[in-house]
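Engineer: Next comes final.cif, mmCIF, C-alpha atoms:
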```cif
data_run
loop_
_atom_site.group_PDB
_atom_site.id
_atom_site.type_symbol
_atom_site.label_atom_id
_atom_site.label_comp_id
_atom_site.auth_asym_id
_atom_site.auth_seq_id
_atom_site.Cartn_x
_atom_site.Cartn_y
_atom_site.Cartn_z
ATOM 1 C CA MET V 1 130.334 85.684 90.967
ATOM 2 C CA SER V 2 128.795 88.874 89.604
ATOM 3 C CA GLN V 3 125.594 88.633 87.597
ATOM 4 C CA PRO V 4 125.771 89.681 83.941
ATOM 5 C CA ILE V 5 124.151 92.996 83.106
ATOM 6 C CA ILE V 6 121.135 92.495 80.883
ATOM 7 C CA THR V 7 120.647 95.273 78.331
ATOM 8 C CA ASP V 8 117.701 95.888 76.046
ATOM 9 C CA THR V 9 117.909 94.232 72.717
ATOM 10 C CA PRO V 10 117.623 96.302 69.516
ATOM 11 C CA GLU V 11 114.124 94.927 69.063
ATOM 12 C CA GLN V 12 113.089 96.134 72.532
ATOM 13 C CA ASP V 13 114.618 99.546 71.850
ATOM 14 C CA ARG V 14 112.707 99.789 68.594
ATOM 15 C CA LYS V 15 109.411 98.913 70.308
ATOM 16 C CA ALA V 16 110.072 101.414 73.084
ATOM 17 C CA ARG V 17 110.756 104.207 70.579
ATOM 18 C CA LYS V 18 107.629 103.222 68.645
ATOM 19 C CA ARG V 19 105.497 103.432 71.821
ATOM 20 C CA GLU V 20 106.982 106.828 72.647
ATOM 21 C CA VAL V 21 106.231 108.167 69.164
ATOM 22 C CA LYS V 22 102.661 106.851 69.418
ATOM 23 C CA LEU V 23 102.155 108.471 72.825
ATOM 24 C CA ARG V 24 103.414 111.803 71.518
ATOM 25 C CA ARG V 25 101.153 111.582 68.497
ATOM 26 C CA ASP V 26 98.144 110.682 70.645
ATOM 27 C CA ALA V 27 98.877 113.607 72.973
ATOM 28 C CA ARG V 28 98.696 116.098 70.072
ATOM 29 C CA ARG V 29 95.865 114.639 68.009
ATOM 30 C CA SER V 30 92.180 115.507 68.377
ATOM 31 C CA PRO V 31 89.900 112.778 69.766
ATOM 32 C CA ASP V 32 87.792 110.934 67.237
ATOM 33 C CA SER V 33 83.997 110.994 67.352
ATOM 34 C CA TYR V 34 83.686 107.850 69.496
ATOM 35 C CA GLU V 35 86.270 109.124 71.992
ATOM 36 C CA ARG V 36 84.467 112.473 72.205
ATOM 37 C CA PHE V 37 81.215 110.664 72.913
ATOM 38 C CA LYS V 38 82.817 108.652 75.731
ATOM 39 C CA ILE V 39 84.297 111.830 77.202
ATOM 40 C CA MET V 40 80.913 113.562 77.060
ATOM 41 C CA LEU V 41 79.274 110.601 78.814
ATOM 42 C CA ASP V 42 81.808 110.980 81.639
ATOM 43 C CA VAL V 43 81.068 114.722 81.796
ATOM 44 C CA LEU V 44 77.314 114.072 81.919
ATOM 45 C CA GLY V 45 77.770 111.516 84.671
ATOM 46 C CA GLU V 46 79.779 113.994 86.745
ATOM 47 C CA GLN V 47 77.191 116.731 86.199
ATOM 48 C CA ARG V 48 74.336 114.456 87.266
ATOM 49 C CA HIS V 49 76.347 113.631 90.396
ATOM 50 C CA VAL V 50 76.639 117.357 91.160
ATOM 51 C CA VAL V 51 72.870 117.802 90.685
ATOM 52 C CA ASP V 52 72.184 114.931 93.098
ATOM 53 C CA MET V 53 74.683 116.364 95.587
ATOM 54 C CA GLU V 54 72.948 119.761 95.564
ATOM 55 C CA ASP V 55 69.594 118.049 96.188
ATOM 56 C CA HIS V 56 71.122 116.138 99.112
ATOM 57 C CA ARG V 57 72.411 119.414 100.563
ATOM 58 C CA ALA V 58 68.933 120.904 100.372
ATOM 59 C CA ARG V 59 67.442 117.879 102.147
ATOM 60 C CA TYR V 60 70.179 118.001 104.788
ATOM 61 C CA SER V 61 69.385 121.655 105.489
ATOM 62 C CA MET V 62 65.760 120.639 106.122
ATOM 63 C CA ILE V 63 66.944 118.141 108.740
ATOM 64 C CA ILE V 64 68.928 120.905 110.457
ATOM 65 C CA MET V 65 65.913 123.219 110.336
ATOM 66 C CA GLY V 66 63.666 120.518 111.810
ATOM 67 C CA ALA V 67 66.023 120.048 114.753
ATOM 68 C CA ILE V 68 66.205 123.815 115.360
ATOM 69 C CA ASN V 69 62.437 124.193 115.170
ATOM 70 C CA ALA V 70 61.868 121.340 117.599
ATOM 71 C CA ALA V 71 64.286 122.832 120.122
ATOM 72 C CA MET V 72 62.767 126.300 119.726
ATOM 73 C CA TYR V 73 59.213 125.049 120.178
ATOM 74 C CA LEU V 74 59.958 122.942 123.257
ATOM 75 C CA LEU V 75 62.016 125.568 125.092
ATOM 76 C CA ALA V 76 59.787 128.530 124.226
ATOM 77 C CA THR V 77 56.621 126.639 125.173
ATOM 78 C CA ARG V 78 58.151 125.504 128.462
ATOM 79 C CA ALA V 79 59.292 129.037 129.297
ATOM 80 C CA VAL V 80 55.890 130.569 128.572
ATOM 81 C CA ARG V 81 53.976 127.909 130.520
ATOM 82 C CA SER V 82 56.311 128.045 133.497
ATOM 83 C CA GLY V 83 55.321 131.637 134.235
ATOM 84 C CA GLN V 84 58.952 132.644 134.821
ATOM 85 C CA LEU V 85 58.917 135.358 132.175
ATOM 86 C CA PRO V 86 58.567 138.941 133.461
ATOM 87 C CA GLY V 87 55.676 141.139 132.409
ATOM 88 C CA GLY V 88 55.767 142.060 128.741
ATOM 89 C CA ALA V 89 58.302 139.362 127.888
ATOM 90 C CA GLU V 90 55.643 137.068 126.489
ATOM 91 C CA VAL V 91 54.688 139.692 123.909
ATOM 92 C CA TRP V 92 58.350 139.947 122.910
ATOM 93 C CA VAL V 93 58.617 136.167 122.601
ATOM 94 C CA VAL V 94 55.517 136.050 120.396
ATOM 95 C CA ALA V 95 56.871 138.851 118.168
ATOM 96 C CA VAL V 96 60.192 137.087 117.728
ATOM 97 C CA GLY V 97 58.340 133.841 117.117
ATOM 98 C CA LEU V 98 56.380 135.456 114.286
ATOM 99 C CA ALA V 99 59.612 136.740 112.727
ATOM 100 C CA TYR V 100 61.064 133.251 113.065
ATOM 101 C CA ALA V 101 57.986 131.759 111.394
ATOM 102 C CA ALA V 102 58.315 134.226 108.487
ATOM 103 C CA ALA V 103 61.966 133.288 108.022
ATOM 104 C CA SER V 104 60.973 129.617 108.132
ATOM 105 C CA VAL V 105 58.459 130.144 105.324
ATOM 106 C CA LEU V 106 61.098 131.855 103.183
ATOM 107 C CA PHE V 107 63.494 128.999 103.952
ATOM 108 C CA ILE V 108 60.916 126.425 102.825
ATOM 109 C CA LEU V 109 60.329 128.381 99.605
ATOM 110 C CA ALA V 110 64.083 128.302 98.952
ATOM 111 C CA VAL V 111 64.098 124.528 99.499
ATOM 112 C CA ILE V 112 61.223 124.114 97.048
ATOM 113 C CA ASP V 113 63.071 126.258 94.498
ATOM 114 C CA CYS V 114 66.154 124.053 94.822
ATOM 115 C CA LEU V 115 64.309 120.724 94.608
ATOM 116 C CA ARG V 116 61.656 121.628 92.045
ATOM 117 C CA PRO V 117 61.745 119.788 88.695
ATOM 118 C CA ARG V 118 63.340 121.791 85.905
ATOM 119 C CA SER V 119 62.419 121.490 82.240
ATOM 120 C CA LEU V 120 65.466 121.328 79.976
ATOM 121 C CA GLU V 121 63.575 121.307 76.639
ATOM 122 C CA ARG V 122 65.486 118.289 75.351
ATOM 123 C CA LYS V 123 64.257 116.759 72.094
ATOM 124 C CA GLY V 124 67.010 114.471 70.759
ATOM 125 C CA ILE V 125 67.078 110.697 70.792
ATOM 126 C CA LEU V 126 69.341 110.728 73.863
ATOM 127 C CA HIS V 127 66.556 112.372 75.896
ATOM 128 C CA TRP V 128 63.560 110.592 77.321
ATOM 129 C CA GLU V 129 61.448 113.594 76.288
ATOM 130 C CA GLY V 130 62.603 113.117 72.707
ATOM 131 C CA ALA V 131 61.812 109.407 72.825
ATOM 132 C CA LEU V 132 58.210 110.168 73.778
ATOM 133 C CA MET V 133 57.824 112.386 70.724
ATOM 134 C CA HIS V 134 57.947 109.272 68.482
ATOM 135 C CA ASP V 135 56.231 105.923 68.451
ATOM 136 C CA LEU V 136 58.367 102.809 68.950
ATOM 137 C CA ALA V 137 58.942 102.155 65.248
ATOM 138 C CA GLU V 138 60.062 105.737 64.573
ATOM 139 C CA TYR V 139 62.338 105.657 67.596
ATOM 140 C CA GLU V 140 63.971 102.407 66.445
ATOM 141 C CA THR V 141 64.479 103.902 62.987
ATOM 142 C CA ALA V 142 66.053 107.026 64.468
ATOM 143 C CA TRP V 143 68.550 104.927 66.429
ATOM 144 C CA ARG V 144 69.319 102.751 63.423
ATOM 145 C CA ASP V 145 70.100 105.781 61.245
ATOM 146 C CA VAL V 146 71.857 107.894 63.864
ATOM 147 C CA ARG V 147 75.419 109.148 63.244
ATOM 148 C CA MET V 148 78.169 109.752 65.776
ATOM 149 C CA ASP V 149 78.279 113.483 65.012
ATOM 150 C CA GLN V 150 74.575 113.730 65.890
ATOM 151 C CA LEU V 151 75.110 111.869 69.171
ATOM 152 C CA ASN V 152 78.025 114.136 70.014
ATOM 153 C CA ARG V 153 75.974 117.273 69.317
ATOM 154 C CA GLU V 154 73.164 116.006 71.514
ATOM 155 C CA ALA V 155 75.594 115.063 74.300
ATOM 156 C CA VAL V 156 77.147 118.548 74.193
ATOM 157 C CA HIS V 157 73.659 120.069 74.269
ATOM 158 C CA ILE V 158 72.730 117.998 77.332
ATOM 159 C CA ALA V 159 75.967 118.989 79.082
ATOM 160 C CA HIS V 160 75.232 122.665 78.468
ATOM 161 C CA LEU V 161 71.675 122.338 79.774
ATOM 162 C CA LEU V 162 72.860 120.472 82.873
ATOM 163 C CA ALA V 163 75.470 123.185 83.504
ATOM 164 C CA ARG V 164 72.673 125.774 83.508
ATOM 165 C CA MET V 165 70.664 123.591 85.897
ATOM 166 C CA ILE V 166 73.654 123.247 88.241
ATOM 167 C CA GLU V 167 74.116 127.021 88.292
ATOM 168 C CA GLU V 168 70.429 127.513 89.157
ATOM 169 C CA LYS V 169 70.688 124.939 91.946
ATOM 170 C CA TYR V 170 73.843 126.606 93.298
ATOM 171 C CA GLN V 171 72.025 129.940 93.453
ATOM 172 C CA ALA V 172 68.982 128.337 95.124
ATOM 173 C CA ASN V 173 71.180 126.565 97.685
ATOM 174 C CA ARG V 174 73.017 129.792 98.494
ATOM 175 C CA ARG V 175 69.695 131.475 99.240
ATOM 176 C CA LEU V 176 68.567 128.426 101.207
ATOM 177 C CA TYR V 177 71.601 128.400 103.490
ATOM 178 C CA ARG V 178 71.438 132.170 103.978
ATOM 179 C CA TRP V 179 67.907 131.743 105.374
ATOM 180 C CA LEU V 180 69.128 128.810 107.441
ATOM 181 C CA MET V 181 71.766 131.088 108.995
ATOM 182 C CA VAL V 182 69.045 133.643 109.747
ATOM 183 C CA LEU V 183 67.014 130.951 111.507
ATOM 184 C CA ILE V 184 70.028 129.829 113.511
ATOM 185 C CA VAL V 185 70.811 133.400 114.623
ATOM 186 C CA GLN V 186 67.178 134.087 115.550
ATOM 187 C CA GLY V 187 66.981 130.818 117.457
ATOM 188 C CA ALA V 188 70.201 131.593 119.327
ATOM 189 C CA VAL V 189 68.914 135.049 120.307
ATOM 190 C CA VAL V 190 65.630 133.639 121.581
ATOM 191 C CA LEU V 191 67.314 130.843 123.525
ATOM 192 C CA ALA V 192 69.883 133.252 125.037
ATOM 193 C CA THR V 193 67.103 135.635 126.084
ATOM 194 C CA LEU V 194 65.069 132.824 127.639
ATOM 195 C CA GLY V 195 68.159 131.691 129.500
ATOM 196 C CA VAL V 196 68.752 135.174 130.888
ATOM 197 C CA TYR V 197 65.107 135.411 132.047
ATOM 198 C CA ALA V 198 65.397 132.006 133.670
ATOM 199 C CA LEU V 199 68.515 133.055 135.601
ATOM 200 C CA MET V 200 66.945 136.339 136.667
ATOM 201 C CA GLY V 201 63.783 134.544 137.803
#
```
Using the file provided, produce a representation of the structure as structure tokens.

Structural biologist:
Amino acid sequence: MSQPIITDTPEQDRKARKREVKLRRDARRSPDSYERFKIMLDVLGEQRHVVDMEDHRARYSMIIMGAINAAMYLLATRAVRSGQLPGGAEVWVVAVGLAYAAASVLFILAVIDCLRPRSLERKGILHWEGALMHDLAEYETAWRDVRMDQLNREAVHIAHLLARMIEEKYQANRRLYRWLMVLIVQGAVVLATLGVYALMG
């Protein structure tokens, strides 16, 4: 026996059309102040995640540099002490080592520039700097009298300041990894040269 086909009732059709109209209206309307504030909080959270990620990249580059420096020091020291280098080669190794040390200093300065604290000049009640500008009673009063439009303006201001910070960190990280590439190339040249001297010896 075939099963009867169940169709939507007029009431279900009416509710479905009502939901569709509501969805279309919501898609065209502007968000209210509370919805804007929630959206800005999500934006701020994503921006803080990007800032943390850039700091992690800077710290990771320091780990890579430490490994390269350790390998360079051990192999260069062993080659010099072994006496396998031909005459005049030690002077060349020292000269390249000084250039490597200079590049390392510039790399460290780039790391410091990326990780250094940055002042955002924030003064609203959403900022910890702004909270410290008032005593506890004044701060409680400010929060009691605050309006959603004020919170939204402050959230937009924070997002703009964080965007500037992210751009500065991107620029600092680009410089940092350029110096890291210089160190890698210099290290590879030194190691290749030491290997050639070892084979010739």

Engineer: On this file, the PyMOL selection byres ((chain V and resi 99-104) around 12) gives some set of residues; write that set as number ranges by chain.

Structural biologist: V: 61-62, 65-66, 68-69, 72-73, 92-98, 105-111, 175-190

Engineer: Mind pulling up the distance from atom CA of Arg48 of chain V to atom CA of Asn152 of chain V?

Structural biologist: 17.6 Å

Engineer: For atom CA of Ala58 of chain V and atom CA of Ala159 of chain V, determine how far apart the two atoms are, in Å to one decimal place.

Structural biologist: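 These atoms are spaced 22.5 Å apart.
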
Engineer: Around segment 144-149 of chain V, with edges along x, y and z and 6 Å added on all six sides, what centre and edge lengths do you get, in Å to one decimal, as JSON?

Structural biologist:
```
{"center_x": 73.8, "center_y": 108.1, "center_z": 63.5, "size_x": 21.0, "size_y": 22.7, "size_z": 16.5}
```

Engineer: Just the number, please: distance in Å from atom CA of Arg144 of chain V to atom CA of Leu161 of chain V, one decimal.

Structural biologist: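 According to the coordinates, atom CA of Arg144 of chain V and atom CA of Leu161 of chain V are separated by 25.6 Å.
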
Engineer: Using the chain letters and numbers from the file, which residues does the PyMOL selection byres ((chain V and resi 52) around 12) grab, as a list of chain:residue names?

Structural biologist: V:Gly45, V:Glu46, V:Gln47, V:Arg48, V:His49, V:Val50, V:Val51, V:Met53, V:Glu54, V:Asp55, V:His56, V:Arg57, V:Ala58, V:Arg59, V:Cys114, V:Leu115, V:Leu162, V:Met165, V:Ile166, V:Lys169, V:Tyr170
